[in-house]
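Asker: So here's input26.cif, just mmCIF, C-alpha atoms:
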data_model
#
loop_
_atom_site.label_atom_id
_atom_site.label_comp_id
_atom_site.auth_asym_id
_atom_site.auth_seq_id
_atom_site.Cartn_x
_atom_site.Cartn_y
_atom_site.Cartn_z
CA LEU A 3 -12.23 22.83 -1.98
CA VAL A 4 -12.93 24.18 1.50
CA GLY A 5 -15.03 21.82 3.58
CA VAL A 6 -15.01 19.02 1.01
CA GLU A 7 -13.88 15.61 2.22
CA VAL A 8 -13.71 12.10 0.80
CA VAL A 9 -16.38 10.25 2.77
CA ALA A 10 -16.43 6.88 0.97
CA GLU A 11 -14.48 4.80 -1.55
CA LYS A 12 -15.66 1.66 -3.29
CA GLY A 13 -14.23 0.10 -6.44
CA SER A 14 -13.92 2.87 -9.01
CA VAL A 15 -16.21 5.30 -7.11
CA ILE A 16 -15.08 8.02 -4.70
CA THR A 17 -17.72 10.00 -2.83
CA PHE A 18 -17.07 13.59 -1.78
CA GLN A 19 -19.24 15.65 0.56
CA CYS A 20 -19.23 19.27 1.61
CA LEU A 21 -19.28 19.24 5.40
CA ARG A 22 -20.86 22.35 6.90
CA THR A 23 -22.01 21.12 10.31
CA TYR A 24 -21.40 18.11 12.54
CA SER A 25 -24.75 16.63 11.49
CA ASP A 26 -23.55 16.47 7.87
CA PHE A 27 -21.24 13.62 8.87
CA PRO A 28 -22.72 11.77 11.89
CA THR A 29 -20.39 10.12 14.36
CA PRO A 30 -21.04 6.46 13.39
CA ARG A 31 -20.46 7.25 9.73
CA ALA A 32 -17.26 9.17 10.50
CA PHE A 33 -16.05 6.29 12.65
CA LEU A 34 -16.81 3.74 9.92
CA ARG A 35 -14.77 5.77 7.44
CA MET A 36 -11.91 6.18 9.91
CA SER A 37 -11.85 2.45 10.64
CA ALA A 38 -11.84 1.58 6.92
CA LEU A 39 -8.86 3.88 6.34
CA ALA A 40 -6.92 2.33 9.22
CA SER A 41 -7.74 -1.22 8.04
CA ASP A 42 -6.37 -0.50 4.58
CA MET A 43 -3.27 1.09 6.09
CA VAL A 44 -2.51 -2.02 8.16
CA LEU A 45 -2.87 -4.41 5.23
CA ASP A 46 -0.94 -2.20 2.80
CA ALA A 47 1.84 -1.54 5.31
CA THR A 48 2.32 -5.26 5.87
CA GLN A 49 2.43 -5.93 2.13
CA ALA A 50 4.92 -3.08 1.71
CA LEU A 51 7.12 -4.66 4.38
CA LEU A 52 6.87 -8.12 2.86
CA ASN A 53 7.55 -6.90 -0.69
CA GLY A 54 10.07 -4.17 0.09
CA ASN A 55 7.81 -1.57 -1.56
CA LYS A 56 9.10 1.80 -0.37
CA ASP A 57 6.69 3.83 -2.53
CA LEU A 58 3.65 2.15 -1.00
CA ALA A 59 5.14 2.54 2.47
CA GLU A 60 5.64 6.28 1.98
CA GLU A 61 2.04 6.61 0.81
CA ILE A 62 0.82 4.91 3.98
CA VAL A 63 2.76 7.34 6.17
CA ALA A 64 0.96 10.20 4.41
CA ARG A 65 -2.44 8.50 4.85
CA ASP A 66 -2.15 8.68 8.63
CA GLU A 67 -3.12 12.36 8.44
CA GLU A 68 -6.55 11.35 7.12
CA VAL A 69 -7.11 9.02 10.06
CA ASP A 70 -6.10 11.80 12.45
CA LYS A 71 -8.59 14.21 10.86
CA PHE A 72 -11.47 11.85 11.59
CA TYR A 73 -10.20 11.33 15.12
CA PHE A 74 -10.30 15.06 15.77
CA LEU A 75 -13.76 15.34 14.18
CA ILE A 76 -15.20 12.61 16.40
CA GLY A 77 -13.52 14.18 19.43
CA ARG A 78 -15.11 17.57 18.67
CA GLN A 79 -18.50 15.95 18.16
CA ALA A 80 -18.20 14.13 21.48
CA SER A 81 -17.23 17.33 23.27
CA ALA A 82 -20.20 19.19 21.77
CA VAL A 83 -22.62 16.42 22.78
CA VAL A 84 -21.31 16.04 26.33
CA SER A 85 -21.33 19.80 26.90
CA GLY A 86 -24.93 20.06 25.70
CA ARG A 87 -24.12 22.17 22.65
CA LEU A 88 -25.28 19.36 20.36
CA ASP A 89 -28.10 16.88 20.78
CA PRO A 90 -26.96 13.24 20.44
CA GLU A 91 -29.63 12.64 17.79
CA GLU A 92 -28.06 15.26 15.53
CA VAL A 93 -25.05 12.97 15.05
CA ASP A 94 -27.01 9.68 15.10
CA LEU A 95 -26.28 8.77 18.72
CA ARG A 96 -28.68 7.63 21.43
CA TRP A 97 -27.28 9.38 24.48
CA ALA A 98 -24.30 11.48 25.51
CA VAL A 99 -22.55 8.42 26.90
CA ASP A 100 -22.44 7.00 23.37
CA ALA A 101 -20.39 10.01 22.31
CA LEU A 102 -17.82 9.18 24.98
CA GLY A 103 -17.75 5.56 23.78
CA TYR A 104 -17.06 6.64 20.22
CA ARG A 105 -14.38 9.01 21.48
CA LEU A 106 -12.59 6.08 23.14
CA ALA A 107 -13.05 3.88 20.08
CA ALA A 108 -11.74 6.61 17.78
CA LYS A 109 -8.63 6.91 19.95
CA ALA A 110 -8.05 3.17 19.49
CA VAL A 111 -8.33 3.51 15.70
CA GLU A 112 -6.01 6.51 15.76
CA ARG A 113 -3.43 4.36 17.52
CA ILE A 114 -3.96 1.61 14.94
CA GLY A 115 -3.12 4.16 12.24
CA ASP A 116 0.03 5.06 14.17
CA HIS A 117 1.10 1.42 14.35
CA ALA A 118 0.42 0.92 10.64
CA THR A 119 2.70 3.91 10.07
CA LYS A 120 5.41 2.27 12.20
CA VAL A 121 5.19 -0.88 10.07
CA ALA A 122 5.45 1.27 6.93
CA MET A 123 8.50 3.05 8.34
CA THR A 124 10.08 -0.36 8.98
CA ALA A 125 9.44 -1.25 5.34
CA ILE A 126 11.25 1.92 4.26
CA LYS A 127 14.22 1.19 6.52
CA VAL A 128 14.51 -2.50 5.60
CA GLY A 129 14.08 -1.71 1.91
CA GLU A 130 14.03 -5.25 0.54
CA PRO A 131 11.56 -8.16 0.20
CA LEU A 132 11.09 -10.57 3.11
CA PRO A 133 9.68 -13.73 1.48
CA ASP A 134 10.02 -15.81 4.65
CA LEU A 135 7.56 -13.75 6.67
CA GLU A 136 4.17 -14.52 5.10
CA LYS A 137 2.81 -15.08 8.61
CA LEU A 138 3.05 -11.33 9.20
CA VAL A 139 0.38 -10.86 6.55
CA GLU A 140 -1.80 -13.47 8.26
CA LEU A 141 -1.39 -11.63 11.57
CA ALA A 142 -2.29 -8.33 9.91
CA ARG A 143 -5.42 -9.86 8.37
CA LEU A 144 -6.46 -11.28 11.71
CA GLY A 145 -5.99 -7.90 13.36
CA VAL A 146 -8.03 -6.18 10.65
CA GLU A 147 -10.76 -8.81 10.97
CA ILE A 148 -10.97 -8.05 14.69
CA LEU A 149 -11.09 -4.32 13.94
CA ASN A 150 -13.84 -4.77 11.35
CA TYR A 151 -16.01 -6.94 13.60
CA SER A 152 -15.51 -4.50 16.46
CA THR A 153 -16.43 -1.56 14.25
CA GLU A 154 -19.61 -3.27 13.06
CA ALA A 155 -20.44 -4.21 16.65
CA LEU A 156 -20.13 -0.61 17.84
CA ILE A 157 -22.13 0.92 15.01
CA SER A 158 -24.95 -1.63 15.28
CA LEU A 159 -24.56 -2.10 19.07
CA ASP A 160 -24.30 -5.83 18.49
CA MET A 161 -23.11 -7.73 21.56
CA LYS A 162 -22.68 -10.96 19.59
CA ARG A 163 -20.22 -9.36 17.16
CA ALA A 164 -18.35 -7.69 20.00
CA ARG A 165 -17.88 -10.99 21.80
CA TYR A 166 -16.80 -12.67 18.58
CA ALA A 167 -14.11 -10.02 18.12
CA LEU A 168 -12.91 -10.51 21.69
CA LYS A 169 -12.78 -14.26 21.19
CA LYS A 170 -10.72 -13.77 18.01
CA ALA A 171 -8.32 -11.51 19.90
CA MET A 172 -7.49 -14.34 22.30
CA ARG A 173 -5.57 -16.04 19.45
CA ILE A 174 -3.21 -13.12 18.98
CA PRO A 175 -0.57 -13.57 21.74
CA LYS A 176 0.29 -17.19 20.89
CA PHE A 177 0.29 -16.53 17.14
CA ALA A 178 2.50 -13.43 17.47
CA ASP A 179 4.91 -15.27 19.77
CA GLY A 180 5.31 -17.96 17.13
CA ILE A 181 6.22 -15.37 14.50
CA LEU A 182 8.72 -13.76 16.88
CA GLU A 183 10.38 -17.14 17.38
CA ASP A 184 10.66 -17.54 13.59
CA ILE A 185 12.33 -14.12 13.35
CA LEU A 186 14.79 -14.83 16.15
CA VAL A 187 16.00 -18.16 14.77
CA SER A 188 16.15 -17.05 11.13
CA ASP A 189 19.57 -17.04 9.45
CA THR A 190 18.38 -14.79 6.58
CA LEU A 191 17.13 -11.91 8.72
CA LYS A 192 20.39 -10.93 10.39
CA GLY A 193 20.62 -7.19 10.91
CA LYS A 194 16.84 -6.83 10.61
CA LYS A 195 15.58 -8.74 13.63
CA VAL A 196 15.12 -5.78 15.99
CA ARG A 197 13.21 -3.74 13.41
CA LEU A 198 11.05 -6.70 12.45
CA GLY A 199 10.37 -7.44 16.10
CA LEU A 200 9.08 -3.88 16.53
CA ALA A 201 6.91 -4.21 13.41
CA LEU A 202 5.52 -7.46 14.78
CA GLU A 203 4.71 -5.74 18.07
CA SER A 204 2.84 -3.03 16.15
CA LEU A 205 0.71 -5.66 14.38
CA ARG A 206 0.01 -7.29 17.74
CA ARG A 207 -1.14 -3.92 19.07
CA VAL A 208 -3.45 -3.45 16.06
CA ALA A 209 -5.41 -6.53 17.14
CA GLU A 210 -5.41 -5.42 20.79
CA TYR A 211 -6.76 -1.97 19.94
CA GLY A 212 -9.41 -3.61 17.78
CA ALA A 213 -10.45 -5.64 20.81
CA ASP A 214 -10.58 -2.44 22.85
CA ILE A 215 -13.30 -1.18 20.51
CA ALA A 216 -15.30 -4.34 21.15
CA GLU A 217 -14.93 -3.66 24.89
CA VAL A 218 -16.46 -0.21 24.34
CA THR A 219 -19.52 -1.86 22.80
CA VAL A 220 -19.80 -4.30 25.72
CA ASP A 221 -19.63 -1.39 28.17
CA LEU A 222 -22.30 0.62 26.31
CA LEU A 223 -24.64 -2.36 26.29
CA GLY A 224 -23.85 -3.44 29.84
#
Hey, can you dump this file as structure tokens for me?
Answerer:
Amino acid sequence: LVGVEVVAEKGSVITFQCLRTYSDFPTPRAFLRMSALASDMVLDATQALLNGNKDLAEEIVARDEEVDKFYFLIGRQASAVVSGRLDPEEVDLRWAVDALGYRLAAKAVERIGDHATKVAMTAIKVGEPLPDLEKLVELARLGVEILNYSTEALISLDMKRARYALKKAMRIPKFADGILEDILVSDTLKGKKVRLGLALESLRRVAEYGADIAEVTVDLLG
């Protein structure tokens, strides 16, 4: 149906809404939905890689289009607010500068979706389970936790949550380096090490982009 989008999913309930104007789907709500989609993509992509699930991986690649749609929506809203064609209040923002902050944050989430897609593509290419790499799932969960805290911080303009996310992000380099070492010394991952190293780098970047969103909140409140 023209103009109808999925705006929320929870358990067995899917919510659709007919979007006629920007105010029908305010910027914070659109960003929350975009972030939730990207979070699920990261976790599912990592599970697909660990389990060798090509079907799930292919589904994740297709999901990236949904993340991109929200990115373009938030970008158009920001442009309309900054140019004066739309009042910030119409999309639940305080000032025009908030629109620019959300535009930067949405770009970070769009890149997270891209990196989740790269992990999914690695799962398709590897094509078999990797039982020795459970730590990749832990890294993915940590990255998603940072993203979720950063998203909540931006929407509620909560400095405490933003700083918590940034503190969490400080754990990422050392943890990711440890996983890389495990990959390099493994005797069972021969022929897959380069691809897995790239997937690991994508999961590292997920956490870093999540931290970037927390930085946006710090800047808006500074």
Asker: Evaluate the PyMOL selection byres ((chain A and resi 181-197) around 12) against this structure - the residues, as a PyMOL selection string, please.
Answerer: chain A and resi 51+120-142+174-180+198-206
Asker: Quick one: everything within 12 Å of region 62-71 of chain A, counting all atoms listed in the file, minus sequence neighbours fewer than 6 positions away in the same chain. Send it as number ranges by chain.
Answerer: A: 7-9, 32-51, 55-56, 77-78, 108-126
Asker: Around the point (-23.9, 18.4, 21.0) in the file's coordinates, collect all residues with an atom within 12 Å, using all atoms listed in the file, and return them as an MDAnalysis selection string.
Answerer: chainID A and resid 23:25 28:29 76:102
Asker: Can you tell me how far CA of Lys169 (chain A) sits from CA of Tyr73 (chain A), in Å to one decimal?
Answerer: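 Atom-to-atom, CA of Lys169 (chain A) and CA of Tyr73 (chain A) are spaced 26.4 Å apart.
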Asker: Select from region 82-109 of chain A every residue with an atom at most 12 Å from any atom of region 148-154 of chain A, then for each give the shortest pair of atoms and their distance in Å to one decimal, using only C-alpha atoms, rows by chain and rising number, as JSON lines.
Answerer:
{"residue": "A:Gly103", "atom": "CA", "partner": "A:Thr153", "partner_atom": "CA", "distance": 12.0}
{"residue": "A:Tyr104", "atom": "CA", "partner": "A:Thr153", "partner_atom": "CA", "distance": 10.2}
{"residue": "A:Ala107", "atom": "CA", "partner": "A:Thr153", "partner_atom": "CA", "distance": 8.7}
{"residue": "A:Ala108", "atom": "CA", "partner": "A:Thr153", "partner_atom": "CA", "distance": 10.1}
Asker: To one decimal place, how far is CA of Glu147 (chain A) from CA of Ala171 (chain A) in Å?
Answerer: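 Interatomic distance, CA of Glu147 (chain A) to CA of Ala171 (chain A): 9.6 Å.
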Asker: Distance CA of Tyr211 (chain A)-CA of Tyr166 (chain A), one decimal place?
Answerer: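 Taking CA of Tyr211 (chain A) as the start and CA of Tyr166 (chain A) as the end point, the length is 14.7 Å.
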Asker: Let me have the centre and edge lengths in Å, one decimal, of the box along x, y and z around every listed atom of region 111-117 of chain A with 8 Å of margin on each side, as JSON.
Answerer:
{"center_x": -3.6, "center_y": 4.0, "center_z": 14.9, "size_x": 25.4, "size_y": 21.1, "size_z": 21.3}
Asker: Determine the nearest neighbour of Arg163 (chain A) from the options A:Ser14, A:Thr219, A:Asn53, A:Gln19, counting only C-alpha atoms.
Answerer: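 Closest candidate: A:Thr219.
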Asker: Do you know which residues the PyMOL selection byres ((chain A and resi 220) around 9) returns on this file, as a PyMOL selection string?
Answerer: chain A and resi 156+159-161+164-165+215-219+221-224
Asker: Got a minute to add N, CA, C and O atoms to region 164-184 of chain A and dump it as a JSON list (two decimals), in the coordinates of the input?
Answerer:
[["chain", "number", "residue", "atom", "x", "y", "z"],
["A", 164, "ALA", "N", -19.39, -8.16, 19.08],
["A", 164, "ALA", "CA", -18.35, -7.69, 20.00],
["A", 164, "ALA", "C", -17.67, -8.87, 20.69],
["A", 164, "ALA", "O", -16.44, -8.93, 20.79],
["A", 165, "ARG", "N", -18.46, -9.83, 21.13],
["A", 165, "ARG", "CA", -17.88, -10.99, 21.80],
["A", 165, "ARG", "C", -17.09, -11.87, 20.83],
["A", 165, "ARG", "O", -16.07, -12.46, 21.21],
["A", 166, "TYR", "N", -17.54, -11.92, 19.59],
["A", 166, "TYR", "CA", -16.80, -12.67, 18.58],
["A", 166, "TYR", "C", -15.42, -12.05, 18.36],
["A", 166, "TYR", "O", -14.41, -12.76, 18.26],
["A", 167, "ALA", "N", -15.39, -10.71, 18.29],
["A", 167, "ALA", "CA", -14.11, -10.02, 18.12],
["A", 167, "ALA", "C", -13.18, -10.28, 19.30],
["A", 167, "ALA", "O", -11.97, -10.52, 19.13],
["A", 168, "LEU", "N", -13.72, -10.25, 20.50],
["A", 168, "LEU", "CA", -12.91, -10.51, 21.69],
["A", 168, "LEU", "C", -12.39, -11.94, 21.71],
["A", 168, "LEU", "O", -11.25, -12.19, 22.12],
["A", 169, "LYS", "N", -13.22, -12.87, 21.26],
["A", 169, "LYS", "CA", -12.78, -14.26, 21.19],
["A", 169, "LYS", "C", -11.66, -14.42, 20.18],
["A", 169, "LYS", "O", -10.67, -15.13, 20.42],
["A", 170, "LYS", "N", -11.77, -13.74, 19.03],
["A", 170, "LYS", "CA", -10.72, -13.77, 18.01],
["A", 170, "LYS", "C", -9.41, -13.23, 18.56],
["A", 170, "LYS", "O", -8.32, -13.73, 18.27],
["A", 171, "ALA", "N", -9.52, -12.17, 19.36],
["A", 171, "ALA", "CA", -8.32, -11.51, 19.90],
["A", 171, "ALA", "C", -7.53, -12.43, 20.83],
["A", 171, "ALA", "O", -6.32, -12.23, 21.01],
["A", 172, "MET", "N", -8.18, -13.42, 21.39],
["A", 172, "MET", "CA", -7.49, -14.34, 22.30],
["A", 172, "MET", "C", -6.44, -15.18, 21.57],
["A", 172, "MET", "O", -5.52, -15.72, 22.19],
["A", 173, "ARG", "N", -6.54, -15.28, 20.24],
["A", 173, "ARG", "CA", -5.57, -16.04, 19.45],
["A", 173, "ARG", "C", -4.28, -15.28, 19.22],
["A", 173, "ARG", "O", -3.25, -15.87, 18.86],
["A", 174, "ILE", "N", -4.32, -13.97, 19.41],
["A", 174, "ILE", "CA", -3.21, -13.12, 18.98],
["A", 174, "ILE", "C", -1.90, -13.39, 19.72],
["A", 174, "ILE", "O", -0.85, -13.56, 19.07],
["A", 175, "PRO", "N", -1.86, -13.43, 21.05],
["A", 175, "PRO", "CA", -0.57, -13.57, 21.74],
["A", 175, "PRO", "C", 0.23, -14.80, 21.29],
["A", 175, "PRO", "O", 1.42, -14.69, 20.98],
["A", 176, "LYS", "N", -0.41, -15.96, 21.26],
["A", 176, "LYS", "CA", 0.29, -17.19, 20.89],
["A", 176, "LYS", "C", 0.77, -17.13, 19.44],
["A", 176, "LYS", "O", 1.90, -17.52, 19.13],
["A", 177, "PHE", "N", -0.08, -16.61, 18.55],
["A", 177, "PHE", "CA", 0.29, -16.53, 17.14],
["A", 177, "PHE", "C", 1.46, -15.58, 16.93],
["A", 177, "PHE", "O", 2.42, -15.87, 16.21],
["A", 178, "ALA", "N", 1.42, -14.41, 17.59],
["A", 178, "ALA", "CA", 2.50, -13.43, 17.47],
["A", 178, "ALA", "C", 3.79, -13.97, 18.06],
["A", 178, "ALA", "O", 4.88, -13.74, 17.51],
["A", 179, "ASP", "N", 3.70, -14.68, 19.17],
["A", 179, "ASP", "CA", 4.91, -15.27, 19.77],
["A", 179, "ASP", "C", 5.57, -16.27, 18.83],
["A", 179, "ASP", "O", 6.81, -16.36, 18.77],
["A", 180, "GLY", "N", 4.76, -17.01, 18.10],
["A", 180, "GLY", "CA", 5.31, -17.96, 17.13],
["A", 180, "GLY", "C", 6.07, -17.27, 16.01],
["A", 180, "GLY", "O", 7.14, -17.73, 15.59],
["A", 181, "ILE", "N", 5.53, -16.14, 15.55],
["A", 181, "ILE", "CA", 6.22, -15.37, 14.50],
["A", 181, "ILE", "C", 7.53, -14.80, 15.04],
["A", 181, "ILE", "O", 8.55, -14.79, 14.35],
["A", 182, "LEU", "N", 7.50, -14.31, 16.27],
["A", 182, "LEU", "CA", 8.72, -13.76, 16.88],
["A", 182, "LEU", "C", 9.80, -14.83, 16.95],
["A", 182, "LEU", "O", 10.98, -14.55, 16.67],
["A", 183, "GLU", "N", 9.42, -16.04, 17.31],
["A", 183, "GLU", "CA", 10.38, -17.14, 17.38],
["A", 183, "GLU", "C", 11.00, -17.40, 16.00],
["A", 183, "GLU", "O", 12.21, -17.61, 15.88],
["A", 184, "ASP", "N", 10.16, -17.36, 14.96],
["A", 184, "ASP", "CA", 10.66, -17.54, 13.59],
["A", 184, "ASP", "C", 11.69, -16.47, 13.22],
["A", 184, "ASP", "O", 12.70, -16.74, 12.57]]
